[in-house]
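Have a look at the structure below, then the notes.
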Amino acid sequence: AAIAKGYGITLVLEASSYATSTVIHSCRNIRDMLDELRLDNVKAMIDTNAVYMAGEDFEDCVRLLGSDLIHMHFIDARPGAYCLVPGEGEMPLGHYLEILAQYGYKGVLTPELWGNTYVQDPETALKNSVAYCLRRI
């Protein structure tokens, strides 16, 4: 983090599933790490799939991370299918956007179209992801 700060870079912590990380699995883990580090160039992000997989409450995560929340992987999921275009899963992403507005979130939303689901037509998947969000703001 000290080296990154010298270059004007902010690092972002993301929770991941137990299958892909041995350190941070929840928004609580992110908060604890931020509080331990106390560095102004280390911030938080939420991956909506990680929240879904961990069974966390989205609003609790937004509230817990507060002003340290600067980035988000905004993607959908359903059992057995993750990193989907918003609206193709079962997550209440429209409600999540309302929560973000309620808490004054000014960070970035990005799709994370990971895996083979959209490999044949990633451009349409990206356009559909953006369109979903634009219809709700």
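Residue numbers start at 1 in each chain; chains themselves are named A, B, ... in the order of the structure tokens; ligands are numbered from 1 in the order shown.
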As a PyMOL selection string, please: the residues near range 115-122 of chain A (cut-off 10 Å, only C-alpha atoms, same-chain neighbours under 5 positions excluded). chain A and resi 81-85+127-128
Please return, as a ChimeraX atom specification, all residues of range 4-110 of chain A that DSSP assigns to strand (DSSP E or B) on the basis of the backbone. /A:11-14,42-47,69-73,76-78,81-84,108-110
Output N, CA and C atoms of each residue in that selection to a file, as a tab-separated table (two decimals), in the first residue's frame.
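Output file again_17.tsv follows:
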chain	number	residue	atom	x	y	z
A	11	LEU	N	-5.73	1.02	-3.49
A	11	LEU	CA	-5.98	-0.41	-3.54
A	11	LEU	C	-7.40	-0.68	-3.03
A	12	VAL	N	-8.04	-1.69	-3.59
A	12	VAL	CA	-9.42	-1.99	-3.23
A	12	VAL	C	-9.52	-3.45	-2.80
A	13	LEU	N	-10.10	-3.67	-1.62
A	13	LEU	CA	-10.29	-5.01	-1.09
A	13	LEU	C	-11.66	-5.54	-1.50
A	14	GLU	N	-11.67	-6.76	-1.97
A	14	GLU	CA	-12.90	-7.43	-2.41
A	14	GLU	C	-13.04	-8.75	-1.68
A	42	VAL	N	-6.35	2.48	0.91
A	42	VAL	CA	-6.91	1.13	0.85
A	42	VAL	C	-8.40	1.27	1.14
A	43	LYS	N	-9.21	0.90	0.17
A	43	LYS	CA	-10.66	1.07	0.27
A	43	LYS	C	-11.36	-0.27	0.05
A	44	ALA	N	-12.68	-0.22	-0.09
A	44	ALA	CA	-13.49	-1.43	-0.18
A	44	ALA	C	-14.30	-1.49	-1.47
A	45	MET	N	-14.63	-2.70	-1.84
A	45	MET	CA	-15.59	-2.91	-2.91
A	45	MET	C	-16.51	-4.04	-2.50
A	46	ILE	N	-17.66	-4.07	-3.14
A	46	ILE	CA	-18.62	-5.15	-2.96
A	46	ILE	C	-18.77	-5.86	-4.29
A	47	ASP	N	-18.75	-7.16	-4.24
A	47	ASP	CA	-19.10	-8.01	-5.38
A	47	ASP	C	-20.46	-8.60	-5.02
A	69	LEU	N	-16.46	2.44	0.73
A	69	LEU	CA	-16.96	1.70	-0.43
A	69	LEU	C	-16.83	2.57	-1.68
A	70	ILE	N	-15.96	2.14	-2.61
A	70	ILE	CA	-15.71	2.98	-3.80
A	70	ILE	C	-15.91	2.23	-5.12
A	71	HIS	N	-16.14	0.93	-5.07
A	71	HIS	CA	-16.24	0.15	-6.30
A	71	HIS	C	-17.17	-1.03	-6.08
A	72	MET	N	-17.79	-1.49	-7.15
A	72	MET	CA	-18.71	-2.60	-7.03
A	72	MET	C	-18.74	-3.43	-8.31
A	73	HIS	N	-18.62	-4.75	-8.13
A	73	HIS	CA	-18.95	-5.67	-9.22
A	73	HIS	C	-20.46	-5.88	-9.12
A	76	ASP	N	-25.44	-10.40	-11.41
A	76	ASP	CA	-26.55	-11.20	-10.93
A	76	ASP	C	-26.11	-12.64	-10.68
A	77	ALA	N	-26.97	-13.40	-10.04
A	77	ALA	CA	-26.70	-14.81	-9.78
A	77	ALA	C	-28.00	-15.55	-9.52
A	78	ARG	N	-27.89	-16.84	-9.62
A	78	ARG	CA	-28.95	-17.76	-9.18
A	78	ARG	C	-28.22	-19.06	-8.81
A	81	ALA	N	-25.34	-20.56	-10.99
A	81	ALA	CA	-24.97	-19.64	-12.07
A	81	ALA	C	-24.60	-18.29	-11.47
A	82	TYR	N	-23.35	-17.90	-11.68
A	82	TYR	CA	-22.84	-16.67	-11.08
A	82	TYR	C	-22.27	-15.76	-12.16
A	83	CYS	N	-22.06	-14.51	-11.79
A	83	CYS	CA	-21.51	-13.50	-12.71
A	83	CYS	C	-22.38	-13.35	-13.95
A	84	LEU	N	-23.66	-13.19	-13.72
A	84	LEU	CA	-24.63	-13.04	-14.81
A	84	LEU	C	-24.93	-11.56	-15.06
A	108	VAL	N	-18.12	3.40	-8.41
A	108	VAL	CA	-18.26	2.80	-9.74
A	108	VAL	C	-19.01	1.47	-9.65
A	109	LEU	N	-19.84	1.21	-10.65
A	109	LEU	CA	-20.46	-0.11	-10.84
A	109	LEU	C	-19.84	-0.71	-12.09
A	110	THR	N	-19.35	-1.92	-12.00
A	110	THR	CA	-18.82	-2.60	-13.17
A	110	THR	C	-19.40	-4.00	-13.26
Out of chain A, which residues get helix (DSSP H, G or I) from DSSP, as a PyMOL selection string? chain A and resi 2-6+27-37+48-54+58-68+93-102+122-135
Contacts of range 19-22 of chain A at 12 Å or less, counting only C-alpha atoms, minus same-chain residues fewer than 4 places along, as a PDB file with C-alpha atoms, in the first residue's frame?
ATOM      1  CA  LEU A  13     -10.285  -5.009  -1.086  1.00  0.00           C
ATOM      2  CA  GLU A  14     -12.895  -7.426  -2.409  1.00  0.00           C
ATOM      3  CA  ALA A  15     -14.509 -10.318  -0.554  1.00  0.00           C
ATOM      4  CA  SER A  26     -17.318 -11.179   3.772  1.00  0.00           C
ATOM      5  CA  ASN A  29     -13.725  -9.216   6.900  1.00  0.00           C
ATOM      6  CA  ALA A  50     -19.879 -12.671  -3.112  1.00  0.00           C
ATOM      7  CA  MET A  53     -22.838 -16.590  -1.943  1.00  0.00           C
ATOM      8  CA  ALA A  54     -22.029 -15.573   1.645  1.00  0.00           C
TER       9      ALA A  54
END
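Nearest residue to Glu112 in chain A among A:Glu88, A:Asn49, A:Ala131, A:Asp57 is A:Asn49, counting only C-alpha atoms.
Going from CA of Leu134 in chain A to CA of Cys27 in chain A covers 26.2 Å.
What separates CA of Gln102 in chain A from CA of Ser17 in chain A is a distance of 27.3 Å.
Distance-wise, CA of Tyr132 in chain A and CA of Gly87 in chain A end up 7.1 Å apart.
Closest approach to Asn41 in chain A among A:Ile24, A:Ile9, A:Leu126, A:Cys133 is made by A:Ile9 (distances from only C-alpha atoms).
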For Glu90 in chain A, which of A:Phe74, A:Leu34, A:Tyr52, A:Leu64 is the closest residue, counting only C-alpha atoms? A:Tyr52
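In this comparison, which uses only C-alpha atoms, the residue of A:Gly104, A:Tyr7, A:Ala2, A:Asp60 approaching Arg28 in chain A most closely is A:Asp60.
Residue nearest Ile75 in chain A, chosen from A:Glu59, A:Met91, A:Gly8, A:His25 and counting only C-alpha atoms: A:Met91.
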